[in-house]
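Text of data_27.cif, listed as mmCIF, C-alpha atoms:
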```
data_run
loop_
_atom_site.label_atom_id
_atom_site.label_comp_id
_atom_site.auth_asym_id
_atom_site.auth_seq_id
_atom_site.Cartn_x
_atom_site.Cartn_y
_atom_site.Cartn_z
CA MET A 1 17.69 -13.45 -16.90
CA THR A 2 15.04 -11.36 -18.61
CA ASP A 3 14.44 -11.43 -22.32
CA ARG A 4 15.30 -8.42 -24.44
CA SER A 5 11.82 -7.05 -25.11
CA PRO A 6 11.57 -3.27 -25.56
CA ILE A 7 10.78 -0.96 -22.67
CA GLU A 8 7.43 0.71 -23.25
CA PHE A 9 7.45 4.42 -22.47
CA TRP A 10 3.93 5.86 -22.19
CA PHE A 11 3.71 9.60 -21.74
CA ASP A 12 1.83 12.82 -22.28
CA PHE A 13 4.02 15.49 -23.90
CA GLY A 14 2.61 17.99 -21.38
CA SER A 15 3.88 16.00 -18.40
CA GLY A 16 6.96 17.62 -16.89
CA TYR A 17 8.17 14.39 -15.34
CA ALA A 18 7.81 12.64 -18.73
CA TYR A 19 10.24 15.19 -20.17
CA PHE A 20 12.92 14.14 -17.71
CA VAL A 21 12.34 10.48 -18.55
CA ALA A 22 12.54 11.34 -22.27
CA LEU A 23 16.00 12.77 -21.63
CA GLN A 24 17.24 9.70 -19.77
CA ILE A 25 15.42 6.58 -20.92
CA GLU A 26 17.36 5.72 -24.10
CA GLU A 27 20.67 5.73 -22.24
CA LEU A 28 19.22 3.63 -19.41
CA ALA A 29 17.66 1.13 -21.84
CA ALA A 30 20.85 0.87 -23.91
CA ARG A 31 22.85 -0.10 -20.82
CA HIS A 32 20.57 -3.11 -20.50
CA GLY A 33 20.58 -3.94 -24.21
CA ARG A 34 16.98 -2.77 -24.59
CA CYS A 35 15.14 -0.61 -27.07
CA VAL A 36 12.48 1.91 -26.08
CA ARG A 37 8.99 1.96 -27.57
CA TRP A 38 7.78 5.58 -27.33
CA ARG A 39 4.00 5.77 -26.83
CA PRO A 40 2.45 9.24 -26.36
CA PHE A 41 -1.16 9.33 -25.18
CA MET A 42 -3.61 11.85 -23.80
CA LEU A 43 -3.39 11.80 -20.02
CA GLY A 44 -6.54 13.92 -19.67
CA ALA A 45 -8.57 11.14 -21.27
CA ALA A 46 -7.13 8.69 -18.75
CA PHE A 47 -8.10 11.03 -15.90
CA GLN A 48 -11.68 11.02 -17.15
CA LYS A 49 -11.72 7.27 -16.74
CA THR A 50 -9.91 7.01 -13.40
CA GLY A 51 -11.46 10.08 -11.76
CA ALA A 52 -7.96 11.36 -10.95
CA ARG A 53 -6.91 14.94 -11.50
CA GLY A 54 -3.73 16.36 -12.98
CA LEU A 55 -1.03 17.87 -10.81
CA SER A 56 -1.83 21.28 -12.20
CA SER A 57 -5.52 21.08 -11.20
CA THR A 58 -4.67 21.06 -7.49
CA PRO A 59 -3.09 24.36 -6.41
CA LEU A 60 -0.81 22.98 -3.68
CA LYS A 61 0.35 20.08 -5.85
CA ARG A 62 0.95 22.41 -8.77
CA ASP A 63 3.14 24.69 -6.67
CA TYR A 64 5.10 21.75 -5.33
CA ALA A 65 5.53 20.23 -8.81
CA ARG A 66 6.82 23.51 -10.23
CA ARG A 67 9.45 23.66 -7.53
CA ASP A 68 10.29 19.98 -7.98
CA TRP A 69 10.64 20.29 -11.79
CA GLN A 70 13.00 23.21 -11.43
CA ARG A 71 15.29 21.47 -8.97
CA ILE A 72 15.34 18.28 -11.07
CA ALA A 73 16.22 20.40 -14.12
CA ARG A 74 19.04 22.06 -12.19
CA LEU A 75 20.23 18.64 -11.00
CA LEU A 76 20.26 17.26 -14.56
CA ASN A 77 21.56 20.56 -15.94
CA VAL A 78 18.81 20.83 -18.55
CA PRO A 79 16.35 23.64 -19.34
CA PHE A 80 12.85 23.63 -17.91
CA ALA A 81 10.99 26.58 -19.37
CA PRO A 82 7.64 25.47 -20.81
CA PRO A 83 5.21 28.16 -22.03
CA PRO A 84 3.20 30.07 -19.39
CA ASP A 85 0.06 28.05 -20.21
CA HIS A 86 1.83 24.77 -19.36
CA PRO A 87 0.55 22.05 -19.39
CA GLN A 88 -0.78 22.46 -22.93
CA VAL A 89 -3.13 19.87 -24.40
CA ALA A 90 -0.84 17.72 -26.51
CA LEU A 91 -3.34 16.32 -29.00
CA THR A 92 -1.67 17.73 -32.12
CA ALA A 93 1.83 16.67 -31.06
CA THR A 94 0.52 13.20 -30.21
CA ARG A 95 -1.21 12.75 -33.57
CA LEU A 96 1.88 13.99 -35.43
CA PHE A 97 4.03 11.50 -33.55
CA TYR A 98 1.95 8.61 -34.85
CA ALA A 99 1.91 10.12 -38.35
CA VAL A 100 5.72 10.12 -38.26
CA GLU A 101 5.80 6.59 -36.89
CA GLU A 102 3.53 5.42 -39.70
CA GLN A 103 6.02 6.75 -42.25
CA ARG A 104 9.16 5.38 -40.63
CA VAL A 105 9.08 3.91 -37.16
CA ASP A 106 12.68 4.90 -36.32
CA ASP A 107 11.99 8.60 -36.87
CA ALA A 108 9.24 8.77 -34.26
CA PRO A 109 11.44 8.82 -31.11
CA ARG A 110 13.62 11.46 -32.72
CA PHE A 111 10.54 13.57 -33.36
CA ALA A 112 9.31 13.01 -29.79
CA ARG A 113 12.64 14.12 -28.33
CA ALA A 114 12.57 17.25 -30.51
CA VAL A 115 9.03 18.05 -29.33
CA PHE A 116 10.06 17.63 -25.69
CA ASP A 117 13.21 19.71 -26.15
CA GLY A 118 11.33 22.44 -28.01
CA TYR A 119 8.36 22.62 -25.64
CA TYR A 120 10.41 22.61 -22.45
CA SER A 121 12.68 25.30 -23.91
CA GLY A 122 9.64 27.45 -24.56
CA VAL A 123 9.93 27.46 -28.36
CA THR A 124 7.42 24.82 -29.50
CA SER A 125 3.71 24.46 -28.83
CA LEU A 126 2.08 21.07 -28.23
CA SER A 127 -1.24 22.14 -29.70
CA ASP A 128 -0.51 24.56 -32.58
CA VAL A 129 0.16 22.63 -35.73
CA ARG A 130 2.36 25.26 -37.45
CA PRO A 131 5.46 25.23 -35.18
CA LEU A 132 5.22 21.45 -34.92
CA LEU A 133 5.28 21.05 -38.70
CA GLU A 134 8.21 23.45 -38.84
CA LEU A 135 10.03 21.28 -36.33
CA MET A 136 9.34 18.26 -38.55
CA ARG A 137 10.86 20.03 -41.55
CA ASP A 138 13.94 20.87 -39.50
CA LEU A 139 14.29 17.14 -38.83
CA GLY A 140 13.95 16.33 -42.53
CA LEU A 141 10.56 14.67 -42.05
CA ASP A 142 7.64 14.86 -44.50
CA ASP A 143 5.51 17.48 -42.77
CA GLN A 144 2.99 17.80 -45.60
CA ARG A 145 2.14 14.15 -45.53
CA ALA A 146 1.84 14.25 -41.74
CA ALA A 147 -0.43 17.30 -41.91
CA GLY A 148 -2.71 15.36 -44.25
CA ARG A 149 -2.77 12.31 -42.02
CA ILE A 150 -3.72 14.11 -38.80
CA ALA A 151 -6.74 15.65 -40.55
CA ASN A 152 -8.03 12.19 -41.43
CA PRO A 153 -10.90 11.04 -39.15
CA GLN A 154 -9.89 7.39 -39.33
CA PHE A 155 -6.32 8.25 -38.38
CA LYS A 156 -7.57 10.35 -35.45
CA GLN A 157 -9.54 7.33 -34.30
CA VAL A 158 -6.46 5.11 -34.51
CA VAL A 159 -4.57 7.51 -32.23
CA ARG A 160 -7.53 7.68 -29.82
CA ASP A 161 -7.69 3.87 -29.73
CA ILE A 162 -4.00 3.62 -28.81
CA GLY A 163 -4.55 5.85 -25.77
CA GLU A 164 -7.77 4.15 -24.73
CA GLY A 165 -6.08 0.78 -25.10
CA ALA A 166 -3.36 1.93 -22.74
CA VAL A 167 -5.85 3.11 -20.12
CA SER A 168 -7.79 -0.14 -20.39
CA THR A 169 -4.64 -2.07 -19.48
CA GLY A 170 -4.27 -0.02 -16.29
CA ILE A 171 -2.02 2.86 -17.37
CA PHE A 172 -3.26 5.93 -15.50
CA GLY A 173 -0.26 8.24 -15.20
CA SER A 174 2.60 9.83 -17.09
CA PRO A 175 5.42 8.94 -17.42
CA TRP A 176 4.62 5.22 -17.33
CA LEU A 177 7.25 2.62 -18.12
CA ILE A 178 6.75 -1.11 -18.63
CA ALA A 179 9.58 -3.63 -18.66
CA ASP A 180 8.75 -7.31 -19.09
CA GLY A 181 5.19 -6.61 -17.96
CA GLU A 182 6.26 -4.74 -14.81
CA PRO A 183 4.87 -1.16 -14.56
CA PHE A 184 6.87 1.80 -13.24
CA TRP A 185 5.03 5.08 -12.73
CA GLY A 186 6.96 8.33 -12.53
CA TRP A 187 10.39 9.78 -13.22
CA ASP A 188 11.28 8.84 -9.65
CA ARG A 189 10.98 5.14 -10.53
CA LEU A 190 13.86 5.22 -13.03
CA ALA A 191 16.32 4.01 -10.40
CA LEU A 192 13.96 1.17 -9.48
CA LEU A 193 13.54 0.25 -13.16
CA ASP A 194 17.32 0.29 -13.57
CA GLU A 195 17.72 -2.07 -10.63
CA TRP A 196 14.87 -4.26 -11.90
CA LEU A 197 16.57 -4.67 -15.27
CA SER A 198 19.95 -5.36 -13.65
CA ARG A 199 18.55 -8.14 -11.49
CA GLY A 200 15.92 -9.44 -13.89
CA GLY A 201 13.27 -8.54 -11.33
CA TRP A 202 13.05 -9.64 -7.69
CA MET B 1 27.41 24.68 3.71
CA THR B 2 24.03 24.18 5.35
CA ASP B 3 23.38 24.53 9.02
CA ARG B 4 22.59 21.46 11.11
CA SER B 5 18.89 21.97 11.70
CA PRO B 6 16.80 18.80 12.10
CA ILE B 7 15.08 17.15 9.18
CA GLU B 8 11.32 17.32 9.66
CA PHE B 9 9.55 14.07 8.86
CA TRP B 10 5.78 14.52 8.49
CA PHE B 11 3.79 11.35 8.01
CA ASP B 12 0.56 9.47 8.48
CA PHE B 13 1.14 6.09 10.13
CA GLY B 14 -1.25 4.57 7.58
CA SER B 15 0.89 5.67 4.63
CA GLY B 16 2.84 2.75 3.18
CA TYR B 17 5.51 4.97 1.68
CA ALA B 18 5.95 6.70 5.06
CA TYR B 19 6.78 3.30 6.55
CA PHE B 20 9.71 2.90 4.17
CA VAL B 21 10.95 6.38 5.02
CA ALA B 22 10.63 5.56 8.72
CA LEU B 23 12.97 2.62 8.17
CA GLN B 24 15.59 4.68 6.35
CA ILE B 25 15.50 8.30 7.48
CA GLU B 26 17.53 8.10 10.70
CA GLU B 27 20.46 6.47 8.91
CA LEU B 28 20.28 9.00 6.07
CA ALA B 29 20.09 11.95 8.47
CA ALA B 30 22.95 10.65 10.62
CA ARG B 31 25.24 10.49 7.58
CA HIS B 32 24.72 14.24 7.25
CA GLY B 33 25.05 14.97 10.96
CA ARG B 34 21.34 15.71 11.25
CA CYS B 35 18.60 14.75 13.68
CA VAL B 36 15.08 13.82 12.61
CA ARG B 37 11.98 15.49 14.00
CA TRP B 38 9.16 12.92 13.72
CA ARG B 39 5.78 14.58 13.14
CA PRO B 40 2.74 12.32 12.61
CA PHE B 41 -0.43 13.98 11.34
CA MET B 42 -3.77 12.96 9.90
CA LEU B 43 -3.45 12.89 6.12
CA GLY B 44 -7.22 12.57 5.67
CA ALA B 45 -7.67 15.99 7.25
CA ALA B 46 -5.16 17.40 4.76
CA PHE B 47 -7.08 15.82 1.87
CA GLN B 48 -10.22 17.59 3.04
CA LYS B 49 -8.42 20.87 2.65
CA THR B 50 -6.64 20.20 -0.65
CA GLY B 51 -9.44 18.26 -2.33
CA ALA B 52 -6.99 15.46 -3.08
CA ARG B 53 -7.82 11.81 -2.54
CA GLY B 54 -5.78 9.05 -1.00
CA LEU B 55 -4.12 6.38 -3.11
CA SER B 56 -6.50 3.81 -1.76
CA SER B 57 -9.60 5.78 -2.83
CA THR B 58 -8.75 5.37 -6.51
CA PRO B 59 -8.98 1.70 -7.57
CA LEU B 60 -6.24 1.78 -10.24
CA LYS B 61 -3.87 3.76 -8.02
CA ARG B 62 -4.55 1.45 -5.10
CA ASP B 63 -3.70 -1.62 -7.17
CA TYR B 64 -0.52 -0.01 -8.45
CA ALA B 65 0.51 1.13 -4.96
CA ARG B 66 -0.01 -2.36 -3.53
CA ARG B 67 2.29 -3.78 -6.15
CA ASP B 68 4.80 -0.98 -5.66
CA TRP B 69 4.86 -1.38 -1.84
CA GLN B 70 5.51 -5.11 -2.17
CA ARG B 71 8.41 -4.69 -4.56
CA ILE B 72 9.97 -1.93 -2.45
CA ALA B 73 9.62 -4.18 0.62
CA ARG B 74 11.33 -7.04 -1.26
CA LEU B 75 14.06 -4.65 -2.40
CA LEU B 76 14.68 -3.43 1.16
CA ASN B 77 14.17 -6.93 2.56
CA VAL B 78 11.56 -5.81 5.10
CA PRO B 79 8.05 -7.07 5.83
CA PHE B 80 5.03 -5.36 4.31
CA ALA B 81 1.92 -7.02 5.69
CA PRO B 82 -0.48 -4.42 7.07
CA PRO B 83 -3.95 -5.56 8.22
CA PRO B 84 -6.58 -6.27 5.53
CA ASP B 85 -8.36 -2.98 6.28
CA HIS B 86 -5.19 -0.98 5.49
CA PRO B 87 -4.99 2.02 5.51
CA GLN B 88 -6.43 2.33 9.02
CA VAL B 89 -7.27 5.75 10.46
CA ALA B 90 -4.25 6.53 12.62
CA LEU B 91 -5.82 8.98 15.07
CA THR B 92 -5.11 6.94 18.22
CA ALA B 93 -1.52 6.16 17.25
CA THR B 94 -0.95 9.83 16.39
CA ARG B 95 -2.31 11.07 19.71
CA LEU B 96 -0.28 8.49 21.62
CA PHE B 97 2.86 9.62 19.82
CA TYR B 98 2.42 13.17 21.09
CA ALA B 99 1.58 11.89 24.57
CA VAL B 100 4.90 10.03 24.57
CA GLU B 101 6.73 13.06 23.23
CA GLU B 102 5.24 15.21 25.99
CA GLN B 103 6.70 12.86 28.60
CA ARG B 104 10.14 12.50 27.07
CA VAL B 105 10.90 13.80 23.61
CA ASP B 106 13.56 11.20 22.82
CA ASP B 107 11.14 8.31 23.34
CA ALA B 108 8.72 9.47 20.66
CA PRO B 109 10.70 8.36 17.57
CA ARG B 110 11.27 4.98 19.22
CA PHE B 111 7.53 4.65 19.77
CA ALA B 112 6.82 5.70 16.16
CA ARG B 113 9.22 3.10 14.79
CA ALA B 114 7.58 0.42 16.93
CA VAL B 115 4.14 1.44 15.67
CA PHE B 116 5.33 1.29 12.06
CA ASP B 117 7.05 -2.06 12.58
CA GLY B 118 4.02 -3.51 14.37
CA TYR B 119 1.40 -2.26 11.95
CA TYR B 120 3.28 -3.26 8.79
CA SER B 121 3.91 -6.69 10.27
CA GLY B 122 0.19 -7.09 10.85
CA VAL B 123 0.36 -7.22 14.66
CA THR B 124 -0.58 -3.68 15.76
CA SER B 125 -3.61 -1.57 15.00
CA LEU B 126 -3.39 2.18 14.39
CA SER B 127 -6.85 2.87 15.78
CA ASP B 128 -7.44 0.42 18.66
CA VAL B 129 -5.99 1.78 21.85
CA ARG B 130 -5.40 -1.55 23.59
CA PRO B 131 -2.64 -3.06 21.39
CA LEU B 132 -0.99 0.35 21.15
CA LEU B 133 -0.82 0.70 24.93
CA GLU B 134 0.55 -2.83 25.12
CA LEU B 135 3.25 -1.84 22.66
CA MET B 136 4.08 1.14 24.89
CA ARG B 137 4.47 -1.12 27.92
CA ASP B 138 6.80 -3.36 25.90
CA LEU B 139 8.94 -0.28 25.29
CA GLY B 140 8.94 0.61 28.99
CA LEU B 141 6.80 3.71 28.45
CA ASP B 142 4.12 4.99 30.83
CA ASP B 143 1.01 3.71 29.04
CA GLN B 144 -1.42 4.67 31.81
CA ARG B 145 -0.35 8.28 31.74
CA ALA B 146 -0.56 8.32 27.93
CA ALA B 147 -4.06 6.77 28.06
CA GLY B 148 -5.14 9.59 30.32
CA ARG B 149 -3.65 12.26 28.12
CA ILE B 150 -5.30 11.13 24.87
CA ALA B 151 -8.72 11.27 26.55
CA ASN B 152 -8.19 14.93 27.42
CA PRO B 153 -10.09 17.32 25.09
CA GLN B 154 -7.43 20.01 25.30
CA PHE B 155 -4.71 17.52 24.43
CA LYS B 156 -6.76 16.29 21.46
CA GLN B 157 -6.97 19.87 20.29
CA VAL B 158 -3.20 20.31 20.59
CA VAL B 159 -2.68 17.29 18.32
CA ARG B 160 -5.27 18.55 15.85
CA ASP B 161 -3.56 21.96 15.78
CA ILE B 162 -0.21 20.39 14.93
CA GLY B 163 -1.70 18.69 11.86
CA GLU B 164 -3.66 21.75 10.79
CA GLY B 165 -0.55 23.84 11.19
CA ALA B 166 1.33 21.50 8.89
CA VAL B 167 -1.35 21.67 6.22
CA SER B 168 -1.47 25.45 6.46
CA THR B 169 2.25 25.61 5.63
CA GLY B 170 1.63 23.61 2.43
CA ILE B 171 2.18 20.01 3.55
CA PHE B 172 -0.36 17.94 1.64
CA GLY B 173 1.13 14.45 1.38
CA SER B 174 2.83 11.67 3.32
CA PRO B 175 5.70 11.08 3.73
CA TRP B 176 6.81 14.71 3.65
CA LEU B 177 10.36 15.72 4.51
CA ILE B 178 11.72 19.21 5.03
CA ALA B 179 15.42 20.04 5.14
CA ASP B 180 16.49 23.66 5.59
CA GLY B 181 13.06 24.77 4.37
CA GLU B 182 13.16 22.60 1.23
CA PRO B 183 10.21 20.15 0.92
CA PHE B 184 10.54 16.58 -0.37
CA TRP B 185 7.35 14.61 -0.94
CA GLY B 186 7.46 10.83 -1.13
CA TRP B 187 9.74 7.90 -0.35
CA ASP B 188 11.05 8.26 -3.89
CA ARG B 189 12.56 11.65 -3.01
CA LEU B 190 14.98 10.20 -0.42
CA ALA B 191 17.78 10.04 -3.01
CA LEU B 192 17.14 13.66 -3.96
CA LEU B 193 17.12 14.70 -0.28
CA ASP B 194 20.38 12.82 0.22
CA GLU B 195 21.96 14.67 -2.71
CA TRP B 196 20.51 17.97 -1.48
CA LEU B 197 22.11 17.53 1.94
CA SER B 198 25.43 16.47 0.38
CA ARG B 199 25.62 19.56 -1.78
CA GLY B 200 23.89 21.98 0.58
CA GLY B 201 21.23 22.49 -2.07
CA TRP B 202 21.67 23.52 -5.71
#
```
Representation of the structure as structure tokens:
Amino acid sequence: MTDRSPIEFWFDFGSGYAYFVALQIEELAARHGRCVRWRPFMLGAAFQKTGARGLSSTPLKRDYARRDWQRIARLLNVPFAPPPDHPQVALTATRLFYAVEEQRVDDAPRFARAVFDGYYSGVTSLSDVRPLLELMRDLGLDDQRAAGRIANPQFKQVVRDIGEGAVSTGIFGSPWLIADGEPFWGWDRLALLDEWLSRGGW
Amino acid sequence: MTDRSPIEFWFDFGSGYAYFVALQIEELAARHGRCVRWRPFMLGAAFQKTGARGLSSTPLKRDYARRDWQRIARLLNVPFAPPPDHPQVALTATRLFYAVEEQRVDDAPRFARAVFDGYYSGVTSLSDVRPLLELMRDLGLDDQRAAGRIANPQFKQVVRDIGEGAVSTGIFGSPWLIADGEPFWGWDRLALLDEWLSRGGW
């Protein structure tokens, strides 16, 4: 039997496959009596370290991924309509997430879900601060305080350190899930993670 | 309702995830009344065209893949013990496959399965001709004729053209499955392919 430690969910808001995990992970975790620890980070920074390239930097992979995202969205019956310049650099959304978490840790996943829902419905940016602050207000969160925090150089460094810490432990993709130390990379590993939690590993 | 056209299975013998598909695809296809068209090709040649790199060329990805292969093998209760120099360049095995197919098309999948089983049990090479010919003899295939064919420059070109043709239609990974024109990349898309065939697409 495994213990009941939280499932870590590392992601870049601009990762289409992370969006699908964001829609499904809380329900999956709850079935196993687990919480989810939402951890956005900048995947581009990880690529600089690993020498990998994003899906959207390779034309054939990008075309395949676009087709794959659409059919997964149809399968799950959810929208998938990010802005035309998808994937946007998610630095502002990532910093705001940690500003929310600093205020009240339980609000952060709710904010993350709203960012995912808004961005993949084509109504929220990941990089422009204005619509993201508006989204915070809609959720009843303190957007003015958050706006102040993300302008603070020390706070920016804290967020950078979280991402660099993740990469230094071997996280090089998004979405990236960790359960009891076991890593699962990709939306397509949800079924494997589910089985892993059911059996307590194998 | 879909028609009953064969499922195309494109793969590099040196691709660990292709091995798992090789173990599962015939059973999956049969449940949907489909045949499988086995199509080995040289993934390295595809990488040259797409600018992508293999899993094993990126240290972090290689380490993750090794862990992932082992846990999938334990899940499926199958061996996963390729030679230490895995992934081997599968040119000889690929040419021999098409030499077998040329003799009798139904023998080729049987040969491919034997190559996969042998290589991932650590007993067959993908590049040395001798153990591969021995494996052919064990299957009752005409190894001497095949040995002659794979030394023929025109035959080599035919095999090269098959792989280049695949890449030119957008196939850039292994395993790669196509059902009724719809592409599925990766072992982890078998469940999606299964659903796709059940519903006739969506």
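Take the candidates B:Phe111, B:Trp187, B:Phe47, B:Phe20 and check each one against Ile171 in chain B using only C-alpha atoms; the shortest distance goes to B:Phe47.
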For chain B, list the residues within 9 Å of chain A, counting only C-alpha atoms, and write the list as an mmCIF file with C-alpha atoms, in the coordinates of the input.
```
data_model
loop_
_atom_site.group_PDB
_atom_site.id
_atom_site.type_symbol
_atom_site.label_atom_id
_atom_site.label_comp_id
_atom_site.auth_asym_id
_atom_site.auth_seq_id
_atom_site.Cartn_x
_atom_site.Cartn_y
_atom_site.Cartn_z
ATOM 1 C CA THR B 50 -6.640 20.200 -0.650
ATOM 2 C CA GLY B 51 -9.440 18.260 -2.330
ATOM 3 C CA ALA B 52 -6.990 15.460 -3.080
ATOM 4 C CA ARG B 53 -7.820 11.810 -2.540
ATOM 5 C CA THR B 58 -8.750 5.370 -6.510
ATOM 6 C CA PRO B 59 -8.980 1.700 -7.570
ATOM 7 C CA LEU B 60 -6.240 1.780 -10.240
ATOM 8 C CA LYS B 61 -3.870 3.760 -8.020
ATOM 9 C CA TYR B 64 -0.520 -0.010 -8.450
ATOM 10 C CA ASP B 68 4.800 -0.980 -5.660
ATOM 11 C CA ARG B 71 8.410 -4.690 -4.560
ATOM 12 C CA ILE B 72 9.970 -1.930 -2.450
ATOM 13 C CA ARG B 74 11.330 -7.040 -1.260
ATOM 14 C CA LEU B 75 14.060 -4.650 -2.400
ATOM 15 C CA GLY B 170 1.630 23.610 2.430
ATOM 16 C CA ILE B 171 2.180 20.010 3.550
ATOM 17 C CA PHE B 172 -0.360 17.940 1.640
ATOM 18 C CA PRO B 183 10.210 20.150 0.920
ATOM 19 C CA PHE B 184 10.540 16.580 -0.370
ATOM 20 C CA TRP B 185 7.350 14.610 -0.940
ATOM 21 C CA ASP B 188 11.050 8.260 -3.890
ATOM 22 C CA ARG B 189 12.560 11.650 -3.010
ATOM 23 C CA LEU B 192 17.140 13.660 -3.960
ATOM 24 C CA TRP B 202 21.670 23.520 -5.710
#
```
Point to revise | Contacts of Pro40 in chain A at 6 Å (only C-alpha atoms; same-chain gap of 6+ positions) as a VMD selection string | key: chain A and resid 10 to 12 94
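Here CA of Leu43 in chain B and CA of Phe97 in chain B stand 15.4 Å from one another.
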Exercise for review: Mind giving me the straight-line distance from CA of Ala93 in chain A to CA of Ser127 in chain A in Å, one decimal?
Suggested key: 6.4 Å
Please list as a short mmCIF file (atom, residue, chain, number, x, y, z; two decimals) with C-alpha atoms, keeping the file's coordinate frame every residue within 9 Å of Phe41 in chain A, counting all atoms listed in the file and excluding residues in the same chain fewer than 3 positions away.
```cif
data_model
loop_
_atom_site.label_atom_id
_atom_site.label_comp_id
_atom_site.auth_asym_id
_atom_site.auth_seq_id
_atom_site.Cartn_x
_atom_site.Cartn_y
_atom_site.Cartn_z
CA TRP A 10 3.93 5.86 -22.19
CA PHE A 11 3.71 9.60 -21.74
CA ASP A 12 1.83 12.82 -22.28
CA PHE A 13 4.02 15.49 -23.90
CA GLY A 44 -6.54 13.92 -19.67
CA ALA A 45 -8.57 11.14 -21.27
CA ALA A 46 -7.13 8.69 -18.75
CA ALA A 90 -0.84 17.72 -26.51
CA LEU A 91 -3.34 16.32 -29.00
CA THR A 94 0.52 13.20 -30.21
CA VAL A 159 -4.57 7.51 -32.23
CA ARG A 160 -7.53 7.68 -29.82
CA ILE A 162 -4.00 3.62 -28.81
CA GLY A 163 -4.55 5.85 -25.77
CA GLU A 164 -7.77 4.15 -24.73
CA ALA A 166 -3.36 1.93 -22.74
CA SER A 174 2.60 9.83 -17.09
#
```
Leu126 in chain A surroundings by only C-alpha atoms, 10 Å radius, close-in-sequence under 6 positions cut, as a PDB file with C-alpha atoms, in the coordinates of the input:
```
ATOM      1  CA  PHE A  13       4.020  15.490 -23.900  1.00  0.00           C
ATOM      2  CA  GLY A  14       2.610  17.990 -21.380  1.00  0.00           C
ATOM      3  CA  PRO A  83       5.210  28.160 -22.030  1.00  0.00           C
ATOM      4  CA  HIS A  86       1.830  24.770 -19.360  1.00  0.00           C
ATOM      5  CA  PRO A  87       0.550  22.050 -19.390  1.00  0.00           C
ATOM      6  CA  GLN A  88      -0.780  22.460 -22.930  1.00  0.00           C
ATOM      7  CA  VAL A  89      -3.130  19.870 -24.400  1.00  0.00           C
ATOM      8  CA  ALA A  90      -0.840  17.720 -26.510  1.00  0.00           C
ATOM      9  CA  LEU A  91      -3.340  16.320 -29.000  1.00  0.00           C
ATOM     10  CA  THR A  92      -1.670  17.730 -32.120  1.00  0.00           C
ATOM     11  CA  ALA A  93       1.830  16.670 -31.060  1.00  0.00           C
ATOM     12  CA  THR A  94       0.520  13.200 -30.210  1.00  0.00           C
ATOM     13  CA  VAL A 115       9.030  18.050 -29.330  1.00  0.00           C
ATOM     14  CA  PHE A 116      10.060  17.630 -25.690  1.00  0.00           C
ATOM     15  CA  GLY A 118      11.330  22.440 -28.010  1.00  0.00           C
ATOM     16  CA  TYR A 119       8.360  22.620 -25.640  1.00  0.00           C
ATOM     17  CA  LEU A 132       5.220  21.450 -34.920  1.00  0.00           C
TER      18      LEU A 132
END
```
Practice item. I need the residue set behind the PyMOL selection byres ((chain B and resi 6) around 10) for this file; please write it as a PyMOL selection string. Key: chain B and resi 3-5+7-9+29+33-38+178-180
Practice item. Identify all residues satisfying the PyMOL selection byres ((chain B and resi 141-154) around 10) in the given file; provide them as number ranges by chain. Key: B: 92-104, 107-108, 111, 129-130, 132-140, 155-160
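Using only C-alpha atoms, the smallest distance between any of B:Asn77, B:Trp69, B:Gly16, B:Ala22 and Ala112 in chain B comes from B:Ala22.
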Check your understanding: CA of His32 in chain A and CA of Asp106 in chain A, how far apart in Å?
Key -> 19.4 Å
**Study point:** Which of A:Leu190, A:Pro84, A:Val123, A:Pro131 sits closest to Glu27 in chain A [using only C-alpha atoms]
**Key:** A:Leu190
Axis-aligned box over every listed atom of range 177-186 of chain A, padded by 4 Å per side: centre and edges in Å to one decimal, as lines of an AutoDock Vina configuration file?
```
center_x = 7.2
center_y = 0.5
center_z = -15.8
size_x = 12.7
size_y = 23.6
size_z = 14.6
```
